[in-house]
Amino acid sequence: MPGSKHIENGPAVVGRFAPTPSGPLHFGSLLAALASWLDARARSGRWLLRMEDIDPPRCPPGASDIIIRQLDAFGLYHDGVVDYQHDHDSDYQQALDTLVERGMAYPCSCSRKEWQHLGVYPGWCRQGPLHPERNYAWRLRTDVGESDICWQDRRLGHQHWSLPQLGDVVLKRRDGLWAYQLAVVVDDARQGVTDIVRGADLLDNTPWQIRLQQALGYATPEYLHLPLVIGDNGQKLSKQNLAPALPLQDSAVRPLLHEALTLLGQSPAPMLRHAPISEQLNAATKDWQPHFLCPHDVQQTTSS
Ligand code: GLU
């Protein structure tokens with residue numbers, strides 16, 4: 001890899017980008033893709049692409065292909081083949097079976113309407129489904145084992161979360177679809193991911209994921225939760241807020257990549273703003289400094 005540093009004897013770094021293909025990528029997702037790519041490449045690591053398409057109604061046909069074209073346009077090439085969650089049903093089932101055997105998961109027949117006034121699901125079905133005649137979801141037990149989950153986030157520092165306050169998260173939905181929390185943990189372990197770099201909107205999901213790793217006997221990766229990007233309207237960039245799709249034309253991609261590097265605190269040379277993508281990425285890989293990331297959310301200055 002040109003311009004990358006090789007760390008002697010360090011463990012092999014495996015990073016990943018794991019978008020939900022519910023539509024094209026926007027500038028906020030570019031930051032996550034770019035930071036995780038740089039973080040892996042700067043340490044001669046591998047960088048994997050996984051489509052989190054376990055919720056088919058949310059994933060229109062063709063969205064994964066657009067995402068791949070967008071990443072290519074920004075020079076963010078992945079290693080190996082693209083992984084699709086819809087291929088891994090049996091892996092998720094095996095993990096759920098293990099959790100059930102270990103007393104860490106239970107069937108829950110309650111509907112959201114019945115408990116949502118309480119904020120967090122109160123665990124009514126822990127001793128057996130309250131309504132055995134209904135379809136049921138599967139939930140993680142947060143009332144067994146250590147209640148606190150701690151880790152060192154690479155940007156946000158020491159994290160200390162109380163799991164029972166977050167509640168018994170759903171692992172498999174009542175409609176039979178797998179939930180993000182279980183799938184992401186099984187896949188990161190299956191793919192040997194060592195470093196997770198993603199948006200801070202997922203920070204409060206991490207305690208559940210670490211508990212699942214512990215319960216399934218997986219290693220816990222390093223976590224780095226990135227600042228969120230705030231758009232002109234003062235809101236977090238997201239598909240729901242109709243953030244514009246990333247462009248594919250090189251002339252538009254170049255300054256946008258430069259802006260993304262700037263928002264990641266990497267101070268790319270101003271003269272690189274219109275430089276070819278490979279030149280910008282080589283310089284950024286050589287100079288990657290994760291501790292220059294901003295401690296708070298960042299504002300996008302130009303609209304994509
Ligand atoms: N699929 C998730 C999303 O698009 C990201 C999952 C992750 O990075 O852990 O928000």
# chains A, B, ... in the order shown; residues from 1 in each chain; ligands from 1
>>> residues_around(residues="A:Glu259", least_positions_apart="2", cutoff="9 Å", atoms="only C-alpha atoms", output="ChimeraX atom specification")
/A:254-257,261-264,268,273,300-302
>>> write_last_selection(atoms="N, CA, C and O atoms", output="tab-separated table (two decimals), in the first residue's frame")
chain	number	residue	atom	x	y	z
A	254	ARG	N	-13.49	15.49	-5.65
A	254	ARG	CA	-12.20	15.97	-5.12
A	254	ARG	C	-12.35	16.97	-3.97
A	254	ARG	O	-11.80	16.75	-2.88
A	255	PRO	N	-13.10	18.10	-4.18
A	255	PRO	CA	-13.21	19.05	-3.05
A	255	PRO	C	-13.99	18.48	-1.87
A	255	PRO	O	-13.75	18.85	-0.71
A	256	LEU	N	-14.90	17.54	-2.15
A	256	LEU	CA	-15.68	16.96	-1.05
A	256	LEU	C	-14.79	16.05	-0.18
A	256	LEU	O	-14.91	16.02	1.04
A	257	LEU	N	-13.91	15.33	-0.83
A	257	LEU	CA	-12.95	14.49	-0.08
A	257	LEU	C	-12.07	15.40	0.78
A	257	LEU	O	-11.82	15.10	1.96
A	261	LEU	N	-11.74	15.32	4.86
A	261	LEU	CA	-10.47	15.19	5.58
A	261	LEU	C	-10.30	16.35	6.58
A	261	LEU	O	-9.83	16.16	7.70
A	262	THR	N	-10.74	17.53	6.16
A	262	THR	CA	-10.66	18.70	7.04
A	262	THR	C	-11.54	18.49	8.27
A	262	THR	O	-11.11	18.72	9.40
A	263	LEU	N	-12.77	18.01	8.05
A	263	LEU	CA	-13.68	17.81	9.19
A	263	LEU	C	-13.18	16.68	10.09
A	263	LEU	O	-13.54	16.62	11.27
A	264	LEU	N	-12.36	15.80	9.56
A	264	LEU	CA	-11.77	14.75	10.40
A	264	LEU	C	-10.53	15.28	11.14
A	264	LEU	O	-9.78	14.51	11.73
A	268	PRO	N	-5.63	18.72	5.64
A	268	PRO	CA	-4.97	18.44	4.36
A	268	PRO	C	-4.45	19.75	3.75
A	268	PRO	O	-5.06	20.81	3.97
A	273	ARG	N	-6.86	20.51	-2.63
A	273	ARG	CA	-8.34	20.55	-2.73
A	273	ARG	C	-8.86	20.00	-4.06
A	273	ARG	O	-9.89	19.34	-4.11
A	300	GLN	N	-20.84	20.88	8.47
A	300	GLN	CA	-20.42	20.86	7.08
A	300	GLN	C	-20.54	22.28	6.54
A	300	GLN	O	-21.53	22.97	6.79
A	301	THR	N	-19.52	22.75	5.81
A	301	THR	CA	-19.54	24.15	5.37
A	301	THR	C	-20.05	24.30	3.94
A	301	THR	O	-20.73	25.24	3.61
A	302	THR	N	-19.72	23.33	3.06
A	302	THR	CA	-20.25	23.42	1.70
A	302	THR	C	-21.32	22.35	1.58
A	302	THR	O	-21.25	21.34	2.26
>>> residues_near_ligand(ligand="ligand 1", cutoff="10 Å", atoms="only C-alpha atoms and all ligand atoms", output="MDAnalysis selection string")
chainID A and resid 16:22 25 29 32:33 36 50:54 180:181 183:185 187:188 196:203 205:206 209 225 238
>>> residues_around(residues="stretch 91-99 of chain A", least_positions_apart="6", cutoff="10 Å", atoms="only C-alpha atoms", output="CSV table (one decimal) with N, CA and C atoms, in the first residue's frame")
chain,number,residue,atom,x,y,z
A,85,GLN,N,-25.2,-9.3,4.6
A,85,GLN,CA,-25.8,-10.0,5.8
A,85,GLN,C,-26.9,-11.0,5.4
A,105,ALA,N,-30.7,-15.2,26.5
A,105,ALA,CA,-31.7,-14.7,25.6
A,105,ALA,C,-33.0,-15.4,25.9
A,106,TYR,N,-34.1,-14.7,25.7
A,106,TYR,CA,-35.4,-15.3,26.0
A,106,TYR,C,-36.5,-14.8,25.0
A,138,TRP,N,-37.0,-12.3,20.3
A,138,TRP,CA,-36.0,-12.8,21.2
A,138,TRP,C,-35.2,-11.6,21.7
A,139,ARG,N,-35.0,-11.5,23.1
A,139,ARG,CA,-34.3,-10.4,23.7
A,139,ARG,C,-33.1,-10.9,24.5
A,140,LEU,N,-32.2,-10.0,24.6
A,140,LEU,CA,-31.0,-10.2,25.4
A,140,LEU,C,-31.3,-9.9,26.9
A,141,ARG,N,-30.9,-10.8,27.8
A,141,ARG,CA,-31.1,-10.5,29.3
A,141,ARG,C,-30.0,-9.5,29.7
A,171,LEU,N,-33.0,-9.1,19.8
A,171,LEU,CA,-32.0,-9.8,18.9
A,171,LEU,C,-32.6,-10.3,17.7
A,172,LYS,N,-33.8,-10.8,17.8
A,172,LYS,CA,-34.6,-11.2,16.6
A,172,LYS,C,-36.0,-10.7,16.8
A,178,TRP,N,-33.8,-10.6,11.7
A,178,TRP,CA,-32.7,-10.5,12.7
A,178,TRP,C,-32.5,-9.0,13.0
A,179,ALA,N,-32.2,-8.7,14.2
A,179,ALA,CA,-32.0,-7.3,14.6
A,179,ALA,C,-30.5,-7.0,14.5
A,182,LEU,N,-27.5,-8.2,17.1
A,182,LEU,CA,-27.0,-9.5,17.1
A,182,LEU,C,-26.1,-9.7,15.8
A,183,ALA,N,-26.7,-9.2,14.7
A,183,ALA,CA,-26.0,-9.5,13.4
A,183,ALA,C,-24.6,-8.8,13.3
A,184,VAL,N,-24.6,-7.5,13.8
A,184,VAL,CA,-23.3,-6.8,13.8
A,184,VAL,C,-22.2,-7.5,14.6
A,185,VAL,N,-22.6,-8.0,15.7
A,185,VAL,CA,-21.6,-8.6,16.6
A,185,VAL,C,-21.1,-10.0,16.0
A,186,VAL,N,-22.1,-10.7,15.5
A,186,VAL,CA,-21.7,-12.0,14.9
A,186,VAL,C,-20.8,-11.8,13.6
A,187,ASP,N,-21.1,-10.8,12.9
A,187,ASP,CA,-20.4,-10.5,11.6
A,187,ASP,C,-19.0,-9.9,11.9
A,190,ARG,N,-17.0,-12.9,13.0
A,190,ARG,CA,-16.8,-13.8,11.9
A,190,ARG,C,-15.8,-13.3,10.9
A,212,LEU,N,-22.8,-8.8,24.3
A,212,LEU,CA,-23.0,-10.0,23.4
A,212,LEU,C,-21.7,-10.6,23.0
A,215,ALA,N,-20.8,-12.7,26.0
A,215,ALA,CA,-21.7,-13.8,26.2
A,215,ALA,C,-21.4,-14.9,25.2
A,216,LEU,N,-20.9,-14.5,24.0
A,216,LEU,CA,-20.6,-15.5,22.9
A,216,LEU,C,-19.1,-15.9,22.9
>>> closest_residue(among="A:Ile277, A:Ala252, A:Val298, A:Cys110", to="A:Gly234", atoms="only C-alpha atoms")
A:Val298
>>> select_by_dssp(residues="stretch 24-239 of chain A", states="alpha helix (DSSP H)", output="PyMOL selection string")
chain A and resi 27-41+63-73+89-101+112-115+163-166+180-190+206-216
>>> atom_distance(atom1="atom CA of A:Cys125", atom2="atom CA of A:Lys113")
15.0 Å
>>> atom_distance(atom1="atom CA of A:His291", atom2="atom CA of A:Arg155")
6.8 Å
>>> select_by_dssp(residues="stretch 148-243 of chain A", states="strand (DSSP E)", output="list in words")
Asp148, Ile149, Cys150, Trp151, Gln152, Asp153, Gly157, His158, Gln159, His160, Trp161, Ser162, Val170, Leu171, Lys172, Asp195, Ile196, Val197, Arg198, Gly199, Glu222, Tyr223, Leu224, His225, Leu226, Val229 and Ile230 of chain A
>>> write_last_selection(atoms="C-alpha atoms", output="PDB file, in the first residue's frame")
ATOM      1  CA  ASP A 148     -21.737  -2.199  34.010  1.00  0.00           C
ATOM      2  CA  ILE A 149     -19.973  -2.138  30.666  1.00  0.00           C
ATOM      3  CA  CYS A 150     -16.763  -0.117  30.371  1.00  0.00           C
ATOM      4  CA  TRP A 151     -14.421   0.459  27.481  1.00  0.00           C
ATOM      5  CA  GLN A 152     -11.913   3.006  26.261  1.00  0.00           C
ATOM      6  CA  ASP A 153     -13.230   4.773  23.188  1.00  0.00           C
ATOM      7  CA  GLY A 157     -12.133   8.198  26.214  1.00  0.00           C
ATOM      8  CA  HIS A 158     -13.387   6.106  29.137  1.00  0.00           C
ATOM      9  CA  GLN A 159     -16.984   4.891  28.720  1.00  0.00           C
ATOM     10  CA  HIS A 160     -19.043   3.522  31.587  1.00  0.00           C
ATOM     11  CA  TRP A 161     -22.604   2.420  30.850  1.00  0.00           C
ATOM     12  CA  SER A 162     -25.220   0.662  32.957  1.00  0.00           C
ATOM     13  CA  VAL A 170     -34.212  -7.249  20.705  1.00  0.00           C
ATOM     14  CA  LEU A 171     -31.979  -9.797  18.938  1.00  0.00           C
ATOM     15  CA  LYS A 172     -34.604 -11.240  16.620  1.00  0.00           C
ATOM     16  CA  ASP A 195     -11.094  -1.884  14.857  1.00  0.00           C
ATOM     17  CA  ILE A 196     -14.555  -0.373  14.578  1.00  0.00           C
ATOM     18  CA  VAL A 197     -14.681   3.257  13.450  1.00  0.00           C
ATOM     19  CA  ARG A 198     -18.241   4.586  13.078  1.00  0.00           C
ATOM     20  CA  GLY A 199     -20.490   7.509  13.938  1.00  0.00           C
ATOM     21  CA  GLU A 222     -11.258  -1.327  19.607  1.00  0.00           C
ATOM     22  CA  TYR A 223     -13.933   1.343  19.165  1.00  0.00           C
ATOM     23  CA  LEU A 224     -13.638   4.864  17.803  1.00  0.00           C
ATOM     24  CA  HIS A 225     -16.895   6.811  17.572  1.00  0.00           C
ATOM     25  CA  LEU A 226     -16.646   9.741  15.181  1.00  0.00           C
ATOM     26  CA  VAL A 229     -21.864  16.001  10.905  1.00  0.00           C
ATOM     27  CA  ILE A 230     -24.409  18.769  11.325  1.00  0.00           C
TER      28      ILE A 230
END
>>> closest_residue(among="A:Pro24, A:Asp79, A:Arg126, A:Thr194", to="A:Ser64", atoms="only C-alpha atoms")
A:Pro24
>>> closest_residue(among="A:Glu114, A:Leu228, A:Leu163, A:Lys236", to="A:Ile210", atoms="only C-alpha atoms")
A:Leu163
>>> residues_around(residues="A:Ala243", least_positions_apart="6", cutoff="8 Å", atoms="only C-alpha atoms", output="PyMOL selection string")
chain A and resi 26-27+237
>>> write_last_selection(atoms="all heavy atoms", output="JSON list (two decimals), in the first residue's frame")
[["chain", "number", "residue", "atom", "x", "y", "z"],
["A", 26, "HIS", "N", -24.41, 9.52, 2.02],
["A", 26, "HIS", "CA", -24.36, 10.98, 2.09],
["A", 26, "HIS", "C", -23.04, 11.38, 2.77],
["A", 26, "HIS", "O", -22.24, 10.51, 3.14],
["A", 26, "HIS", "CB", -25.58, 11.53, 2.83],
["A", 26, "HIS", "CG", -25.80, 10.90, 4.18],
["A", 26, "HIS", "ND1", -25.01, 11.21, 5.26],
["A", 26, "HIS", "CD2", -26.67, 9.96, 4.60],
["A", 26, "HIS", "CE1", -25.41, 10.50, 6.30],
["A", 26, "HIS", "NE2", -26.42, 9.73, 5.92],
["A", 27, "PHE", "N", -22.87, 12.67, 2.96],
["A", 27, "PHE", "CA", -21.58, 13.16, 3.48],
["A", 27, "PHE", "C", -21.26, 12.59, 4.87],
["A", 27, "PHE", "O", -20.10, 12.32, 5.18],
["A", 27, "PHE", "CB", -21.60, 14.70, 3.51],
["A", 27, "PHE", "CG", -20.27, 15.30, 3.82],
["A", 27, "PHE", "CD1", -19.27, 15.32, 2.85],
["A", 27, "PHE", "CD2", -20.00, 15.84, 5.06],
["A", 27, "PHE", "CE1", -18.01, 15.87, 3.13],
["A", 27, "PHE", "CE2", -18.76, 16.40, 5.36],
["A", 27, "PHE", "CZ", -17.77, 16.42, 4.39],
["A", 237, "LEU", "N", -26.71, 15.08, 9.71],
["A", 237, "LEU", "CA", -26.94, 14.58, 8.35],
["A", 237, "LEU", "C", -27.42, 13.15, 8.42],
["A", 237, "LEU", "O", -26.81, 12.32, 9.08],
["A", 237, "LEU", "CB", -25.64, 14.58, 7.54],
["A", 237, "LEU", "CG", -25.04, 15.90, 7.08],
["A", 237, "LEU", "CD1", -23.98, 15.63, 6.02],
["A", 237, "LEU", "CD2", -26.08, 16.84, 6.55]]
>>> closest_residue(among="A:Gln191, A:Ser251, A:Gln240, A:Gln165", to="A:Thr142", atoms="only C-alpha atoms")
A:Gln165
>>> atom_distance(atom1="atom CA of A:Ala63", atom2="atom CA of A:Gly23")
5.3 Å
>>> closest_residue(among="A:Ala189, A:Asp287, A:Asn282, A:Arg46", to="A:His78", atoms="only C-alpha atoms")
A:Arg46
>>> residues_around(residues="A:Gly176", least_positions_apart="3", cutoff="9 Å", atoms="only C-alpha atoms", output="NGL selection string")
:A and (135-137 or 172-173)
>>> decode(residues="stretch 169-250 of chain A", atoms="C-alpha atoms", output="PDB file, in the first residue's frame")
ATOM      1  CA  VAL A 169     -32.532  -5.258  23.499  1.00  0.00           C
ATOM      2  CA  VAL A 170     -34.212  -7.249  20.705  1.00  0.00           C
ATOM      3  CA  LEU A 171     -31.979  -9.797  18.938  1.00  0.00           C
ATOM      4  CA  LYS A 172     -34.604 -11.240  16.620  1.00  0.00           C
ATOM      5  CA  ARG A 173     -37.791  -9.389  15.800  1.00  0.00           C
ATOM      6  CA  ARG A 174     -41.356 -10.671  16.140  1.00  0.00           C
ATOM      7  CA  ASP A 175     -41.642 -10.647  12.348  1.00  0.00           C
ATOM      8  CA  GLY A 176     -38.709 -13.094  12.186  1.00  0.00           C
ATOM      9  CA  LEU A 177     -36.095 -10.608  10.950  1.00  0.00           C
ATOM     10  CA  TRP A 178     -32.717 -10.459  12.673  1.00  0.00           C
ATOM     11  CA  ALA A 179     -31.963  -7.326  14.628  1.00  0.00           C
ATOM     12  CA  TYR A 180     -28.897  -5.166  14.013  1.00  0.00           C
ATOM     13  CA  GLN A 181     -27.351  -5.765  17.475  1.00  0.00           C
ATOM     14  CA  LEU A 182     -26.951  -9.510  17.050  1.00  0.00           C
ATOM     15  CA  ALA A 183     -25.997  -9.472  13.366  1.00  0.00           C
ATOM     16  CA  VAL A 184     -23.321  -6.796  13.755  1.00  0.00           C
ATOM     17  CA  VAL A 185     -21.616  -8.648  16.611  1.00  0.00           C
ATOM     18  CA  VAL A 186     -21.677 -12.022  14.862  1.00  0.00           C
ATOM     19  CA  ASP A 187     -20.353 -10.504  11.628  1.00  0.00           C
ATOM     20  CA  ASP A 188     -17.579  -8.440  13.172  1.00  0.00           C
ATOM     21  CA  ALA A 189     -16.347 -11.597  14.928  1.00  0.00           C
ATOM     22  CA  ARG A 190     -16.793 -13.817  11.856  1.00  0.00           C
ATOM     23  CA  GLN A 191     -14.808 -11.343   9.739  1.00  0.00           C
ATOM     24  CA  GLY A 192     -12.060 -10.892  12.361  1.00  0.00           C
ATOM     25  CA  VAL A 193     -12.671  -7.130  12.687  1.00  0.00           C
ATOM     26  CA  THR A 194     -10.234  -5.584  15.187  1.00  0.00           C
ATOM     27  CA  ASP A 195     -11.094  -1.884  14.857  1.00  0.00           C
ATOM     28  CA  ILE A 196     -14.555  -0.373  14.578  1.00  0.00           C
ATOM     29  CA  VAL A 197     -14.681   3.257  13.450  1.00  0.00           C
ATOM     30  CA  ARG A 198     -18.241   4.586  13.078  1.00  0.00           C
ATOM     31  CA  GLY A 199     -20.490   7.509  13.938  1.00  0.00           C
ATOM     32  CA  ALA A 200     -21.207   8.535  17.521  1.00  0.00           C
ATOM     33  CA  ASP A 201     -24.915   7.969  16.842  1.00  0.00           C
ATOM     34  CA  LEU A 202     -24.104   4.299  17.543  1.00  0.00           C
ATOM     35  CA  LEU A 203     -22.269   4.937  20.834  1.00  0.00           C
ATOM     36  CA  ASP A 204     -25.188   3.826  23.017  1.00  0.00           C
ATOM     37  CA  ASN A 205     -25.455   0.550  21.054  1.00  0.00           C
ATOM     38  CA  THR A 206     -21.896  -0.422  21.954  1.00  0.00           C
ATOM     39  CA  PRO A 207     -22.660  -1.610  25.535  1.00  0.00           C
ATOM     40  CA  TRP A 208     -25.122  -4.221  24.180  1.00  0.00           C
ATOM     41  CA  GLN A 209     -22.627  -5.277  21.558  1.00  0.00           C
ATOM     42  CA  ILE A 210     -19.835  -5.716  24.111  1.00  0.00           C
ATOM     43  CA  ARG A 211     -22.180  -7.756  26.328  1.00  0.00           C
ATOM     44  CA  LEU A 212     -23.026  -9.974  23.357  1.00  0.00           C
ATOM     45  CA  GLN A 213     -19.316 -10.426  22.569  1.00  0.00           C
ATOM     46  CA  GLN A 214     -18.715 -11.447  26.173  1.00  0.00           C
ATOM     47  CA  ALA A 215     -21.676 -13.826  26.182  1.00  0.00           C
ATOM     48  CA  LEU A 216     -20.610 -15.460  22.908  1.00  0.00           C
ATOM     49  CA  GLY A 217     -16.911 -15.667  23.829  1.00  0.00           C
ATOM     50  CA  TYR A 218     -15.766 -13.236  21.112  1.00  0.00           C
ATOM     51  CA  ALA A 219     -12.934 -10.710  21.451  1.00  0.00           C
ATOM     52  CA  THR A 220     -13.996  -7.081  21.871  1.00  0.00           C
ATOM     53  CA  PRO A 221     -12.602  -4.852  19.106  1.00  0.00           C
ATOM     54  CA  GLU A 222     -11.258  -1.327  19.607  1.00  0.00           C
ATOM     55  CA  TYR A 223     -13.933   1.343  19.165  1.00  0.00           C
ATOM     56  CA  LEU A 224     -13.638   4.864  17.803  1.00  0.00           C
ATOM     57  CA  HIS A 225     -16.895   6.811  17.572  1.00  0.00           C
ATOM     58  CA  LEU A 226     -16.646   9.741  15.181  1.00  0.00           C
ATOM     59  CA  PRO A 227     -18.134  13.220  15.522  1.00  0.00           C
ATOM     60  CA  LEU A 228     -21.490  13.605  13.812  1.00  0.00           C
ATOM     61  CA  VAL A 229     -21.864  16.001  10.905  1.00  0.00           C
ATOM     62  CA  ILE A 230     -24.409  18.769  11.325  1.00  0.00           C
ATOM     63  CA  GLY A 231     -25.903  20.177   8.116  1.00  0.00           C
ATOM     64  CA  ASP A 232     -26.942  23.754   7.226  1.00  0.00           C
ATOM     65  CA  ASN A 233     -30.308  23.215   8.936  1.00  0.00           C
ATOM     66  CA  GLY A 234     -28.584  22.466  12.268  1.00  0.00           C
ATOM     67  CA  GLN A 235     -29.593  18.793  12.141  1.00  0.00           C
ATOM     68  CA  LYS A 236     -27.459  15.667  11.951  1.00  0.00           C
ATOM     69  CA  LEU A 237     -26.935  14.584   8.348  1.00  0.00           C
ATOM     70  CA  SER A 238     -28.985  11.472   7.708  1.00  0.00           C
ATOM     71  CA  LYS A 239     -31.126   9.830   5.087  1.00  0.00           C
ATOM     72  CA  GLN A 240     -34.194  10.764   7.159  1.00  0.00           C
ATOM     73  CA  ASN A 241     -33.177  14.438   6.968  1.00  0.00           C
ATOM     74  CA  LEU A 242     -32.768  14.056   3.208  1.00  0.00           C
ATOM     75  CA  ALA A 243     -29.017  14.645   3.166  1.00  0.00           C
ATOM     76  CA  PRO A 244     -27.935  14.758  -0.497  1.00  0.00           C
ATOM     77  CA  ALA A 245     -26.341  11.682  -2.052  1.00  0.00           C
ATOM     78  CA  LEU A 246     -22.563  11.730  -2.557  1.00  0.00           C
ATOM     79  CA  PRO A 247     -21.631  12.649  -6.121  1.00  0.00           C
ATOM     80  CA  LEU A 248     -19.869  10.352  -8.570  1.00  0.00           C
ATOM     81  CA  GLN A 249     -18.211  12.932 -10.865  1.00  0.00           C
ATOM     82  CA  ASP A 250     -14.522  13.352 -10.128  1.00  0.00           C
TER      83      ASP A 250
END
